[in-house]
file start.json (JSON, C-alpha atoms and all ligand atoms)
[["chain", "number", "residue", "atom", "x", "y", "z"],
["A", 54, "MET", "CA", 158.59, 87.71, 107.36],
["A", 55, "ARG", "CA", 162.35, 88.30, 107.19],
["A", 56, "THR", "CA", 164.55, 85.79, 108.92],
["A", 57, "THR", "CA", 165.45, 87.94, 111.93],
["A", 58, "ARG", "CA", 163.23, 87.04, 114.88],
["A", 59, "SER", "CA", 160.45, 89.43, 115.84],
["A", 60, "LEU", "CA", 157.80, 89.29, 118.55],
["A", 61, "ILE", "CA", 154.43, 90.13, 117.04],
["A", 62, "ASP", "CA", 152.24, 87.85, 119.18],
["A", 63, "LEU", "CA", 152.73, 85.06, 121.69],
["A", 64, "ASP", "CA", 152.61, 82.36, 119.02],
["A", 65, "ASP", "CA", 156.01, 83.61, 117.80],
["A", 66, "LEU", "CA", 157.40, 81.89, 120.92],
["A", 67, "SER", "CA", 157.37, 78.19, 121.74],
["A", 68, "ALA", "CA", 156.44, 77.04, 125.26],
["A", 69, "ARG", "CA", 160.11, 76.29, 125.92],
["A", 70, "GLU", "CA", 161.14, 79.76, 124.77],
["A", 71, "ILE", "CA", 158.58, 81.33, 127.09],
["A", 72, "ASP", "CA", 159.98, 79.21, 129.95],
["A", 73, "TYR", "CA", 163.47, 80.42, 129.04],
["A", 74, "ILE", "CA", 162.33, 84.09, 129.02],
["A", 75, "PHE", "CA", 160.76, 83.59, 132.46],
["A", 76, "GLU", "CA", 163.96, 81.97, 133.81],
["A", 77, "ARG", "CA", 165.98, 84.93, 132.54],
["A", 78, "THR", "CA", 163.41, 87.32, 134.05],
["A", 79, "ALA", "CA", 163.88, 85.69, 137.45],
["A", 80, "ASP", "CA", 167.69, 85.88, 137.03],
["A", 81, "PHE", "CA", 167.50, 89.57, 136.16],
["A", 82, "GLU", "CA", 165.27, 90.27, 139.18],
["A", 83, "ARG", "CA", 167.80, 88.59, 141.47],
["A", 84, "GLU", "CA", 170.77, 90.43, 140.01],
["A", 85, "ARG", "CA", 171.22, 93.16, 137.41],
["A", 86, "PRO", "CA", 172.83, 91.42, 134.42],
["A", 87, "GLY", "CA", 175.06, 94.20, 133.11],
["A", 88, "ARG", "CA", 175.52, 95.40, 129.53],
["A", 89, "LEU", "CA", 174.06, 92.49, 127.58],
["A", 90, "LEU", "CA", 172.93, 94.89, 124.82],
["A", 91, "ASP", "CA", 176.16, 96.87, 124.58],
["A", 92, "GLY", "CA", 176.34, 98.36, 121.06],
["A", 93, "VAL", "CA", 172.71, 97.45, 120.27],
["A", 94, "ALA", "CA", 170.52, 100.31, 119.00],
["A", 95, "CYS", "CA", 166.84, 100.32, 119.95],
["A", 96, "VAL", "CA", 164.23, 102.69, 118.53],
["A", 97, "ASN", "CA", 160.88, 103.09, 120.27],
["A", 98, "MET", "CA", 158.00, 104.41, 118.09],
["A", 99, "PHE", "CA", 154.64, 104.83, 119.77],
["A", 100, "PHE", "CA", 151.75, 105.98, 117.56],
["A", 101, "GLU", "CA", 149.36, 105.60, 120.54],
["A", 102, "HIS", "CA", 149.80, 106.95, 124.04],
["A", 103, "SER", "CA", 151.57, 104.84, 126.65],
["A", 104, "THR", "CA", 152.98, 105.15, 130.14],
["A", 105, "ARG", "CA", 153.83, 101.59, 131.25],
["A", 106, "THR", "CA", 155.00, 99.97, 128.02],
["A", 107, "MET", "CA", 157.03, 102.92, 126.74],
["A", 108, "THR", "CA", 158.73, 103.57, 130.09],
["A", 109, "SER", "CA", 159.45, 99.95, 130.89],
["A", 110, "PHE", "CA", 160.94, 99.24, 127.45],
["A", 111, "THR", "CA", 163.15, 102.32, 127.79],
["A", 112, "LEU", "CA", 164.29, 101.26, 131.26],
["A", 113, "ALA", "CA", 164.88, 97.68, 130.12],
["A", 114, "GLN", "CA", 166.99, 98.83, 127.17],
["A", 115, "LYS", "CA", 169.03, 101.25, 129.30],
["A", 116, "ARG", "CA", 169.61, 98.69, 132.05],
["A", 117, "LEU", "CA", 171.04, 96.33, 129.43],
["A", 118, "GLY", "CA", 173.37, 99.02, 128.06],
["A", 119, "ALA", "CA", 171.63, 99.59, 124.70],
["A", 120, "ASP", "CA", 171.62, 102.86, 122.76],
["A", 121, "VAL", "CA", 168.03, 104.08, 123.06],
["A", 122, "ILE", "CA", 166.25, 106.47, 120.69],
["A", 123, "THR", "CA", 162.62, 107.58, 120.88],
["A", 124, "ILE", "CA", 160.98, 108.66, 117.63],
["A", 125, "TRP", "CA", 157.79, 110.65, 118.11],
["A", 126, "PRO", "CA", 155.84, 109.77, 114.94],
["A", 127, "LYS", "CA", 154.27, 113.22, 114.44],
["A", 128, "GLU", "CA", 157.73, 114.80, 114.54],
["A", 129, "SER", "CA", 159.31, 112.26, 112.19],
["A", 130, "SER", "CA", 159.59, 112.30, 108.40],
["A", 131, "LEU", "CA", 156.43, 110.20, 108.24],
["A", 132, "SER", "CA", 154.75, 113.63, 108.33],
["A", 133, "LYS", "CA", 156.56, 114.45, 105.04],
["A", 134, "GLY", "CA", 155.07, 111.46, 103.24],
["A", 135, "GLU", "CA", 157.71, 108.82, 103.96],
["A", 136, "THR", "CA", 156.15, 105.38, 104.33],
["A", 137, "ILE", "CA", 156.71, 103.29, 107.45],
["A", 138, "GLU", "CA", 158.41, 100.70, 105.24],
["A", 139, "ASP", "CA", 160.93, 103.29, 104.00],
["A", 140, "THR", "CA", 161.41, 104.51, 107.56],
["A", 141, "ALA", "CA", 162.20, 100.92, 108.58],
["A", 142, "ILE", "CA", 164.70, 100.50, 105.73],
["A", 143, "THR", "CA", 166.33, 103.82, 106.70],
["A", 144, "LEU", "CA", 166.67, 102.90, 110.37],
["A", 145, "ALA", "CA", 168.16, 99.49, 109.54],
["A", 146, "ALA", "CA", 170.72, 101.19, 107.27],
["A", 147, "MET", "CA", 171.83, 103.25, 110.29],
["A", 148, "GLY", "CA", 172.40, 100.08, 112.25],
["A", 149, "VAL", "CA", 169.25, 100.10, 114.34],
["A", 150, "ASN", "CA", 168.73, 96.55, 115.62],
["A", 151, "VAL", "CA", 165.39, 96.70, 117.46],
["A", 152, "LEU", "CA", 162.17, 98.55, 116.68],
["A", 153, "VAL", "CA", 159.53, 98.64, 119.40],
["A", 154, "ILE", "CA", 156.25, 99.73, 117.85],
["A", 155, "ARG", "CA", 152.78, 100.56, 119.13],
["A", 156, "HIS", "CA", 150.10, 101.47, 116.60],
["A", 157, "PRO", "CA", 146.27, 101.61, 116.49],
["A", 158, "GLU", "CA", 146.14, 99.47, 113.31],
["A", 159, "PRO", "CA", 146.05, 95.69, 113.87],
["A", 160, "GLY", "CA", 148.87, 94.10, 111.89],
["A", 161, "PHE", "CA", 151.00, 97.25, 111.62],
["A", 162, "PRO", "CA", 154.08, 95.81, 113.45],
["A", 163, "ARG", "CA", 153.97, 92.68, 111.28],
["A", 164, "ARG", "CA", 153.95, 94.89, 108.19],
["A", 165, "VAL", "CA", 156.98, 96.81, 109.47],
["A", 166, "ALA", "CA", 158.79, 93.54, 110.21],
["A", 167, "LEU", "CA", 158.60, 92.65, 106.50],
["A", 168, "SER", "CA", 160.74, 95.70, 105.66],
["A", 169, "PHE", "CA", 163.00, 95.94, 108.68],
["A", 170, "ASP", "CA", 166.26, 94.00, 108.80],
["A", 171, "GLY", "CA", 166.19, 93.66, 112.57],
["A", 172, "HIS", "CA", 163.86, 92.72, 115.41],
["A", 173, "VAL", "CA", 160.38, 94.23, 115.64],
["A", 174, "ILE", "CA", 158.58, 94.03, 118.95],
["A", 175, "ASN", "CA", 154.84, 94.64, 119.01],
["A", 176, "ALA", "CA", 154.06, 97.00, 121.89],
["A", 177, "GLY", "CA", 150.32, 96.78, 121.14],
["A", 178, "ASP", "CA", 148.55, 96.95, 117.74],
["A", 179, "GLY", "CA", 144.96, 98.15, 117.93],
["A", 180, "GLY", "CA", 142.68, 95.53, 119.42],
["A", 181, "HIS", "CA", 144.84, 92.70, 118.08],
["A", 182, "ALA", "CA", 147.73, 91.75, 120.38],
["A", 183, "HIS", "CA", 150.02, 92.93, 123.18],
["A", 184, "PRO", "CA", 152.44, 90.05, 123.68],
["A", 185, "THR", "CA", 154.84, 91.68, 126.14],
["A", 186, "GLN", "CA", 151.96, 92.65, 128.47],
["A", 187, "ALA", "CA", 150.64, 89.08, 128.22],
["A", 188, "LEU", "CA", 154.08, 87.72, 129.11],
["A", 189, "LEU", "CA", 154.42, 89.92, 132.17],
["A", 190, "ASP", "CA", 150.90, 88.96, 133.27],
["A", 191, "LEU", "CA", 151.68, 85.26, 132.80],
["A", 192, "TYR", "CA", 154.93, 85.71, 134.72],
["A", 193, "THR", "CA", 153.03, 87.35, 137.58],
["A", 194, "LEU", "CA", 150.53, 84.48, 137.66],
["A", 195, "ARG", "CA", 153.27, 81.84, 137.53],
["A", 196, "GLU", "CA", 155.11, 83.54, 140.38],
["A", 197, "GLU", "CA", 151.90, 83.44, 142.40],
["A", 198, "PHE", "CA", 150.65, 79.95, 141.62],
["A", 199, "GLY", "CA", 153.52, 78.02, 140.02],
["A", 200, "ASP", "CA", 151.85, 75.58, 137.65],
["A", 201, "LEU", "CA", 148.76, 77.22, 136.11],
["A", 202, "ARG", "CA", 147.10, 73.96, 135.07],
["A", 203, "GLY", "CA", 143.56, 73.92, 136.42],
["A", 204, "ARG", "CA", 143.80, 77.42, 137.88],
["A", 205, "LYS", "CA", 140.67, 79.48, 137.23],
["A", 206, "ILE", "CA", 141.52, 82.86, 135.76],
["A", 207, "ALA", "CA", 138.54, 85.20, 135.23],
["A", 208, "ILE", "CA", 139.11, 87.99, 132.70],
["A", 209, "VAL", "CA", 136.43, 90.62, 133.15],
["A", 210, "GLY", "CA", 135.13, 93.43, 130.96],
["A", 211, "ASP", "CA", 135.78, 94.65, 127.43],
["A", 212, "ILE", "CA", 137.38, 91.51, 126.05],
["A", 213, "LEU", "CA", 136.30, 92.23, 122.46],
["A", 214, "HIS", "CA", 138.51, 95.32, 122.14],
["A", 215, "SER", "CA", 141.33, 94.28, 124.51],
["A", 216, "ARG", "CA", 144.58, 93.31, 122.83],
["A", 217, "VAL", "CA", 145.88, 92.30, 126.25],
["A", 218, "ALA", "CA", 143.00, 89.85, 126.70],
["A", 219, "HIS", "CA", 143.51, 88.36, 123.23],
["A", 220, "SER", "CA", 147.21, 87.63, 123.85],
["A", 221, "SER", "CA", 146.73, 86.59, 127.48],
["A", 222, "ILE", "CA", 143.90, 84.15, 126.77],
["A", 223, "ALA", "CA", 146.05, 82.33, 124.19],
["A", 224, "GLY", "CA", 148.95, 82.18, 126.64],
["A", 225, "LEU", "CA", 146.81, 81.01, 129.55],
["A", 226, "ARG", "CA", 145.24, 78.23, 127.49],
["A", 227, "ASN", "CA", 148.71, 77.06, 126.41],
["A", 228, "LEU", "CA", 149.76, 76.88, 130.06],
["A", 229, "GLY", "CA", 146.67, 74.82, 130.93],
["A", 230, "ALA", "CA", 144.72, 77.43, 132.90],
["A", 231, "ASP", "CA", 140.91, 77.43, 132.92],
["A", 232, "VAL", "CA", 139.96, 80.77, 131.41],
["A", 233, "ILE", "CA", 136.60, 82.30, 132.33],
["A", 234, "ALA", "CA", 135.74, 85.27, 130.11],
["A", 235, "VAL", "CA", 133.25, 87.54, 131.87],
["A", 236, "GLY", "CA", 131.35, 90.38, 130.23],
["A", 237, "PRO", "CA", 128.20, 91.58, 128.48],
["A", 238, "PRO", "CA", 127.49, 90.45, 124.89],
["A", 239, "ALA", "CA", 128.57, 93.82, 123.48],
["A", 240, "PHE", "CA", 132.07, 93.31, 124.91],
["A", 241, "LEU", "CA", 132.10, 89.52, 124.69],
["A", 242, "PRO", "CA", 130.09, 88.17, 121.74],
["A", 243, "ASP", "CA", 129.16, 84.47, 121.97],
["A", 244, "GLU", "CA", 130.84, 83.67, 118.69],
["A", 245, "PHE", "CA", 134.00, 85.50, 119.67],
["A", 246, "MET", "CA", 135.45, 82.90, 121.99],
["A", 247, "GLN", "CA", 136.95, 79.52, 121.31],
["A", 248, "ALA", "CA", 135.24, 76.47, 122.73],
["A", 249, "SER", "CA", 138.03, 76.12, 125.28],
["A", 250, "VAL", "CA", 137.07, 79.35, 127.03],
["A", 251, "ARG", "CA", 134.05, 79.51, 129.32],
["A", 252, "ILE", "CA", 131.84, 82.55, 128.78],
["A", 253, "GLU", "CA", 130.09, 83.96, 131.82],
["A", 254, "ARG", "CA", 127.74, 86.94, 131.76],
["A", 255, "ASP", "CA", 127.26, 87.10, 135.54],
["A", 256, "PHE", "CA", 130.36, 88.41, 137.34],
["A", 257, "ASP", "CA", 128.86, 87.50, 140.72],
["A", 258, "ALA", "CA", 128.74, 83.84, 139.66],
["A", 259, "VAL", "CA", 132.55, 83.55, 139.44],
["A", 260, "LEU", "CA", 133.66, 85.50, 142.51],
["A", 261, "GLU", "CA", 133.99, 82.52, 144.83],
["A", 262, "GLU", "CA", 135.67, 80.17, 142.36],
["A", 263, "ALA", "CA", 138.24, 82.42, 140.66],
["A", 264, "ASP", "CA", 141.90, 82.04, 141.66],
["A", 265, "ALA", "CA", 142.69, 85.28, 139.87],
["A", 266, "ILE", "CA", 140.55, 88.09, 138.49],
["A", 267, "VAL", "CA", 141.99, 90.17, 135.67],
["A", 268, "LEU", "CA", 140.08, 93.42, 135.28],
["A", 269, "LEU", "CA", 140.05, 95.31, 131.98],
["A", 270, "ARG", "CA", 139.52, 98.94, 131.09],
["A", 271, "ILE", "CA", 136.69, 99.73, 128.66],
["A", 272, "GLN", "CA", 138.59, 100.58, 125.46],
["A", 273, "ARG", "CA", 136.44, 103.60, 124.57],
["A", 274, "GLU", "CA", 138.91, 104.72, 121.90],
["A", 275, "ARG", "CA", 138.09, 101.60, 119.84],
["A", 276, "PHE", "CA", 134.33, 102.05, 119.33],
["A", 277, "GLU", "CA", 131.90, 104.84, 118.47],
["A", 278, "SER", "CA", 129.35, 104.73, 121.28],
["A", 279, "MET", "CA", 129.09, 102.91, 124.57],
["A", 280, "PRO", "CA", 126.73, 99.93, 124.07],
["A", 281, "MET", "CA", 125.30, 100.26, 127.61],
["A", 282, "THR", "CA", 125.23, 103.09, 130.13],
["A", 283, "ASP", "CA", 128.15, 103.47, 132.50],
["A", 284, "ASP", "CA", 125.73, 102.89, 135.40],
["A", 285, "GLU", "CA", 124.59, 99.57, 133.91],
["A", 286, "TYR", "CA", 128.19, 98.48, 133.38],
["A", 287, "ILE", "CA", 129.21, 99.50, 136.89],
["A", 288, "ALA", "CA", 126.27, 97.69, 138.47],
["A", 289, "GLN", "CA", 127.10, 94.43, 136.70],
["A", 290, "TYR", "CA", 130.88, 94.42, 136.35],
["A", 291, "ARG", "CA", 132.65, 96.79, 138.72],
["A", 292, "LEU", "CA", 134.73, 95.08, 141.37],
["A", 293, "ASP", "CA", 133.78, 96.96, 144.53],
["A", 294, "SER", "CA", 133.83, 96.37, 148.27],
["A", 295, "GLY", "CA", 130.67, 94.23, 148.16],
["A", 296, "ARG", "CA", 132.08, 91.89, 145.53],
["A", 297, "LEU", "CA", 135.52, 91.91, 147.19],
["A", 298, "SER", "CA", 133.98, 90.54, 150.38],
["A", 299, "ARG", "CA", 132.90, 87.44, 148.47],
["A", 300, "LEU", "CA", 136.37, 86.53, 147.17],
["A", 301, "ARG", "CA", 138.43, 83.80, 148.79],
["A", 302, "GLU", "CA", 141.28, 85.17, 150.89],
["A", 303, "GLU", "CA", 143.92, 83.86, 148.48],
["A", 304, "THR", "CA", 142.34, 85.25, 145.30],
["A", 305, "ILE", "CA", 144.50, 87.76, 143.48],
["A", 306, "ILE", "CA", 143.39, 90.71, 141.36],
["A", 307, "MET", "CA", 145.29, 92.01, 138.37],
["A", 308, "HIS", "CA", 144.90, 94.82, 135.84],
["A", 309, "PRO", "CA", 147.17, 95.58, 132.86],
["A", 310, "GLY", "CA", 146.60, 99.30, 133.39],
["A", 311, "PRO", "CA", 145.70, 102.01, 132.96],
["A", 312, "TYR", "CA", 142.77, 101.43, 135.31],
["A", 313, "ASN", "CA", 139.76, 103.72, 135.59],
["A", 314, "ARG", "CA", 138.78, 104.20, 139.23],
["A", 315, "GLY", "CA", 135.05, 104.09, 139.69],
["A", 316, "VAL", "CA", 134.39, 102.13, 136.50],
["A", 317, "GLU", "CA", 135.90, 98.61, 136.49],
["A", 318, "LEU", "CA", 137.08, 98.90, 140.11],
["A", 319, "ASP", "CA", 136.61, 101.12, 143.12],
["A", 320, "ASP", "CA", 139.23, 102.35, 145.58],
["A", 321, "SER", "CA", 138.73, 99.41, 147.94],
["A", 322, "VAL", "CA", 140.41, 97.12, 145.36],
["A", 323, "LEU", "CA", 143.64, 99.12, 145.67],
["A", 324, "GLU", "CA", 143.74, 98.28, 149.40],
["A", 325, "PHE", "CA", 142.96, 94.57, 148.93],
["A", 326, "ALA", "CA", 145.75, 92.20, 150.01],
["A", 327, "GLY", "CA", 145.58, 90.31, 146.72],
["A", 328, "TRP", "CA", 145.90, 93.39, 144.46],
["A", 329, "ARG", "CA", 148.94, 92.64, 142.27],
["A", 330, "TYR", "CA", 149.08, 95.66, 139.95],
["A", 331, "ALA", "CA", 152.41, 96.98, 141.31],
["A", 332, "LYS", "CA", 153.98, 93.54, 140.88],
["A", 333, "GLN", "CA", 152.80, 93.41, 137.28],
["A", 334, "VAL", "CA", 154.34, 96.81, 136.57],
["A", 335, "MET", "CA", 157.58, 95.82, 138.31],
["A", 336, "HIS", "CA", 157.80, 92.59, 136.30],
["A", 337, "GLY", "CA", 157.19, 94.60, 133.13],
["A", 338, "VAL", "CA", 160.75, 95.94, 133.17],
["A", 339, "SER", "CA", 162.49, 92.62, 133.83],
["A", 340, "VAL", "CA", 160.29, 90.62, 131.44],
["A", 341, "ARG", "CA", 161.09, 93.14, 128.70],
["A", 342, "MET", "CA", 164.80, 92.90, 129.55],
["A", 343, "ALA", "CA", 164.51, 89.12, 129.12],
["A", 344, "ILE", "CA", 162.65, 89.49, 125.81],
["A", 345, "LEU", "CA", 165.29, 91.87, 124.43],
["A", 346, "ASP", "CA", 168.09, 89.57, 125.59],
["A", 347, "PHE", "CA", 166.35, 86.56, 124.01],
["A", 348, "LEU", "CA", 165.83, 88.28, 120.65],
["A", 349, "ILE", "CA", 169.34, 89.77, 120.45],
["A", 350, "ASN", "CA", 171.52, 87.19, 122.15],
["A", 351, "GLY", "CA", 169.44, 84.09, 121.57],
["A", 352, "ALA", "CA", 168.45, 81.36, 123.98],
["A", 353, "ARG", "CA", 171.96, 80.34, 124.92],
["A", 354, "ALA", "CA", 170.81, 77.78, 127.47],
["A", 355, "LEU", "CA", 168.02, 76.44, 125.30],
["A", 356, "VAL", "CA", 168.64, 73.31, 123.26],
["A", 357, "SER", "CA", 166.62, 73.40, 120.02],
["A", 358, "PRO", "CA", 163.76, 70.89, 119.97],
["B", 401, "LIG", "N1", 149.32, 98.13, 129.87],
["B", 401, "LIG", "C1", 149.71, 99.05, 128.98],
["B", 401, "LIG", "O1", 149.93, 98.74, 127.79],
["B", 401, "LIG", "O2", 149.83, 100.31, 129.47],
["B", 401, "LIG", "P1", 150.30, 101.59, 128.64],
["B", 401, "LIG", "O3", 149.20, 101.89, 127.65],
["B", 401, "LIG", "O4", 150.49, 102.69, 129.64],
["B", 401, "LIG", "O5", 151.57, 101.24, 127.93]]
call {"tool": "encode", "arguments": {"input": "start.json", "output": "structure tokens"}}
result
Amino acid sequence: MRTTRSLIDLDDLSAREIDYIFERTADFERERPGRLLDGVACVNMFFEHSTRTMTSFTLAQKRLGADVITIWPKESSLSKGETIEDTAITLAAMGVNVLVIRHPEPGFPRRVALSFDGHVINAGDGGHAHPTQALLDLYTLREEFGDLRGRKIAIVGDILHSRVAHSSIAGLRNLGADVIAVGPPAFLPDEFMQASVRIERDFDAVLEEADAIVLLRIQRERFESMPMTDDEYIAQYRLDSGRLSRLREETIIMHPGPYNRGVELDDSVLEFAGWRYAKQVMHGVSVRMAILDFLINGARALVSP
């Protein structure tokens, strides 16, 4: 890895740095900070589709006064045989400071970071990691509960293929939360989880104890054929009005999006008082502003350990 800081997964950040990013996020939500990225050039390259991550990074960059360029990979010189490494060298030579990259191949952003003399931010690499989504989810949970130690967070569904789940579980464990991973063996193999994460096959068994339920979309683009029928999945794992009625009043429900109505949730979830999806999306812009500010301007208030 080159010396310039990149954000490939959550373990690129210490606990104190995450605290600092969350403090800056709260500052930015209270008051727009102005042109903290004046003269900074950001390129966004998404090799997989995106609505939330692409839009919120673009908004975050523009709100901080950066120069923002979107490269659509199919319309770039990658289609003429240029390698991503040579693309990265070329962009750095133009003075590009930040590359935000989403790609279906796990490890792709880390590979780019080796060639790019600037900051690479992983906007999701295959089923591996999605650190900025994990950070905005953690921020949403911290805003709700404060200290997460001992809080029971149930993550439900296709954990095997979910980059969000992989990054979020690591972050939640670091913050002392009790993580309950819920799903069928095909989406949550026994050997997949660390000892510190409880595996639960029966969604109904966790409804009354969970402080937060994080629902996941089935990542159909990451496997060949569905290991169970949709009807079987829905019967066992969809959060619907019947299951909602068994939650405690203060339980919150989250989803990184995009959500598939009728599969992992039904419409009644969207009316539930504890549904926090809009808050997550809102925090996505300010958390990404704080991440960009941290990478470019450094943790000015943070004393090195
Ligand atoms: N949560 C998330 O990554 O959404 P997008 O795929 O729309 O960016």
call {"tool": "closest_residue", "arguments": {"input": "start.json", "among": "A:Val316, A:Ala141, A:Ile252, A:Val153", "to": "Asn175 in chain A", "atoms": "only C-alpha atoms"}}
result
A:Val153
call {"tool": "atom_distance", "arguments": {"input": "start.json", "atom1": "CA of Gly327 in chain A", "atom2": "CA of Ile208 in chain A"}}
result
15.6 Å
call {"tool": "closest_atom_pairs", "arguments": {"input": "start.json", "of": "chain A", "to": "ligand LIG 401 (chain B)", "cutoff": "10 Å", "atoms": "all atoms listed in the file", "output": "CSV"}}
result
residue,atom,partner,partner_atom,distance
A:Phe99,CA,B:LIG401,O5,9.4
A:Glu101,CA,B:LIG401,O3,8.0
A:His102,CA,B:LIG401,O3,6.2
A:Ser103,CA,B:LIG401,O5,3.8
A:Thr104,CA,B:LIG401,O4,3.5
A:Arg105,CA,B:LIG401,O4,3.9
A:Thr106,CA,B:LIG401,O5,3.7
A:Met107,CA,B:LIG401,O5,5.8
A:Thr108,CA,B:LIG401,O5,7.8
A:Ser109,CA,B:LIG401,O5,8.5
A:Phe110,CA,B:LIG401,O5,9.6
A:Arg155,CA,B:LIG401,O5,8.9
A:Ala176,CA,B:LIG401,O1,7.4
A:Gly177,CA,B:LIG401,O1,6.9
A:His183,CA,B:LIG401,O1,7.4
A:Pro184,CA,B:LIG401,O1,9.9
A:Thr185,CA,B:LIG401,O1,8.8
A:Gln186,CA,B:LIG401,N1,6.2
A:Ala187,CA,B:LIG401,N1,9.3
A:Leu189,CA,B:LIG401,N1,9.9
A:Asp190,CA,B:LIG401,N1,9.9
A:Arg216,CA,B:LIG401,O1,9.1
A:Val217,CA,B:LIG401,N1,7.7
A:Leu269,CA,B:LIG401,N1,9.9
A:Arg270,CA,B:LIG401,N1,9.9
A:His308,CA,B:LIG401,N1,8.1
A:Pro309,CA,B:LIG401,N1,4.5
A:Gly310,CA,B:LIG401,N1,4.6
A:Pro311,CA,B:LIG401,O2,5.7
A:Tyr312,CA,B:LIG401,N1,9.1
A:Gln333,CA,B:LIG401,N1,9.4
A:Val334,CA,B:LIG401,N1,8.5
A:Gly337,CA,B:LIG401,N1,9.2
call {"tool": "closest_residue", "arguments": {"input": "start.json", "among": "A:Pro157, A:Gly203, A:Gly236, A:Gly315", "to": "Asp293 in chain A", "atoms": "all atoms listed in the file"}}
result
A:Gly315
call {"tool": "axis_aligned_box", "arguments": {"input": "start.json", "around": "range 186-200 of chain A", "padding_each_side": "4 Å", "output": "JSON"}}
result
{"center_x": 152.8, "center_y": 84.1, "center_z": 135.3, "size_x": 12.6, "size_y": 25.1, "size_z": 22.2}
call {"tool": "closest_residue", "arguments": {"input": "start.json", "among": "A:Leu300, A:Ile174, A:Ile124, A:Leu345", "to": "Leu60 in chain A", "atoms": "all atoms listed in the file"}}
result
A:Ile174
call {"tool": "closest_residue", "arguments": {"input": "start.json", "among": "A:Leu201, A:Ala146, A:Leu213, A:Ile222", "to": "Gln272 in chain A", "atoms": "only C-alpha atoms"}}
result
A:Leu213
call {"tool": "atom_distance", "arguments": {"input": "start.json", "atom1": "CA of Tyr330 in chain A", "atom2": "CA of Ile306 in chain A"}}
result
7.7 Å
call {"tool": "atom_distance", "arguments": {"input": "start.json", "atom1": "CA of Arg301 in chain A", "atom2": "CA of Lys205 in chain A"}}
result
12.5 Å
call {"tool": "closest_atom_pairs", "arguments": {"input": "start.json", "of": "range 194-276 of chain A", "to": "range 65-84 of chain A", "cutoff": "12 Å", "atoms": "only C-alpha atoms", "output": "CSV"}}
result
residue,atom,partner,partner_atom,distance
A:Leu194,CA,A:Phe75,CA,11.5
A:Arg195,CA,A:Phe75,CA,9.2
A:Glu196,CA,A:Ala79,CA,9.5
A:Gly199,CA,A:Phe75,CA,11.9
A:Asp200,CA,A:Asp72,CA,11.8
A:Ser220,CA,A:Asp65,CA,11.4
A:Ala223,CA,A:Ala68,CA,11.7
A:Gly224,CA,A:Ala68,CA,9.2
A:Leu225,CA,A:Ala68,CA,11.3
A:Arg226,CA,A:Ala68,CA,11.5
A:Asn227,CA,A:Ala68,CA,7.8
A:Leu228,CA,A:Ala68,CA,8.2
A:Gly229,CA,A:Ala68,CA,11.5
call {"tool": "residues_around", "arguments": {"input": "start.json", "residues": "Leu260 in chain A", "least_positions_apart": "6", "cutoff": "9 Å", "atoms": "all atoms listed in the file", "output": "ChimeraX atom specification"}}
result
/A:207,266,296-297,299-301
call {"tool": "residues_around", "arguments": {"input": "start.json", "residues": "Thr304 in chain A", "least_positions_apart": "5", "cutoff": "7 Å", "atoms": "all atoms listed in the file", "output": "list in words"}}
result
Ala263, Asp264, Ala265 and Gly327 of chain A
call {"tool": "residues_around", "arguments": {"input": "start.json", "residues": "Val235 in chain A", "least_positions_apart": "3", "cutoff": "8 Å", "atoms": "only C-alpha atoms", "output": "PyMOL selection string"}}
result
chain A and resi 207-210+241+252-256
call {"tool": "closest_residue", "arguments": {"input": "start.json", "among": "A:Ala258, A:Arg204, A:Tyr290, A:Val121", "to": "Phe240 in chain A", "atoms": "only C-alpha atoms"}}
result
A:Tyr290
call {"tool": "residues_around", "arguments": {"input": "start.json", "residues": "Gly148 in chain A", "least_positions_apart": "2", "cutoff": "12 Å", "atoms": "all atoms listed in the file", "output": "PyMOL selection string"}}
result
chain A and resi 92-96+120+141-146+150-152+169-172
call {"tool": "closest_residue", "arguments": {"input": "start.json", "among": "A:Ala331, A:Glu158, A:Glu262, A:Val165", "to": "Glu302 in chain A", "atoms": "only C-alpha atoms"}}
result
A:Glu262
call {"tool": "build_atoms", "arguments": {"input": "start.json", "residues": "range 87-94 of chain A", "atoms": "N, CA and C atoms", "output": "PDB file, in the coordinates of the input"}}
result
ATOM      1  N   GLY A  87     173.980  93.487 133.792  1.00  0.00           N
ATOM      2  CA  GLY A  87     175.060  94.200 133.110  1.00  0.00           C
ATOM      3  C   GLY A  87     174.714  94.475 131.652  1.00  0.00           C
ATOM      4  N   ARG A  88     175.747  94.814 130.857  1.00  0.00           N
ATOM      5  CA  ARG A  88     175.520  95.400 129.530  1.00  0.00           C
ATOM      6  C   ARG A  88     175.359  94.327 128.448  1.00  0.00           C
ATOM      7  N   LEU A  89     174.294  93.561 128.549  1.00  0.00           N
ATOM      8  CA  LEU A  89     174.060  92.490 127.580  1.00  0.00           C
ATOM      9  C   LEU A  89     173.697  93.032 126.193  1.00  0.00           C
ATOM     10  N   LEU A  90     173.268  94.291 126.124  1.00  0.00           N
ATOM     11  CA  LEU A  90     172.930  94.890 124.820  1.00  0.00           C
ATOM     12  C   LEU A  90     173.905  96.010 124.460  1.00  0.00           C
ATOM     13  N   ASP A  91     175.150  95.868 124.918  1.00  0.00           N
ATOM     14  CA  ASP A  91     176.160  96.870 124.580  1.00  0.00           C
ATOM     15  C   ASP A  91     176.286  96.960 123.056  1.00  0.00           C
ATOM     16  N   GLY A  92     176.195  98.170 122.511  1.00  0.00           N
ATOM     17  CA  GLY A  92     176.340  98.360 121.060  1.00  0.00           C
ATOM     18  C   GLY A  92     175.072  98.081 120.267  1.00  0.00           C
ATOM     19  N   VAL A  93     173.991  97.715 120.955  1.00  0.00           N
ATOM     20  CA  VAL A  93     172.710  97.450 120.270  1.00  0.00           C
ATOM     21  C   VAL A  93     171.880  98.739 120.274  1.00  0.00           C
ATOM     22  N   ALA A  94     171.339  99.091 119.097  1.00  0.00           N
ATOM     23  CA  ALA A  94     170.520 100.310 119.000  1.00  0.00           C
ATOM     24  C   ALA A  94     169.043  99.951 118.964  1.00  0.00           C
TER      25      ALA A  94
END
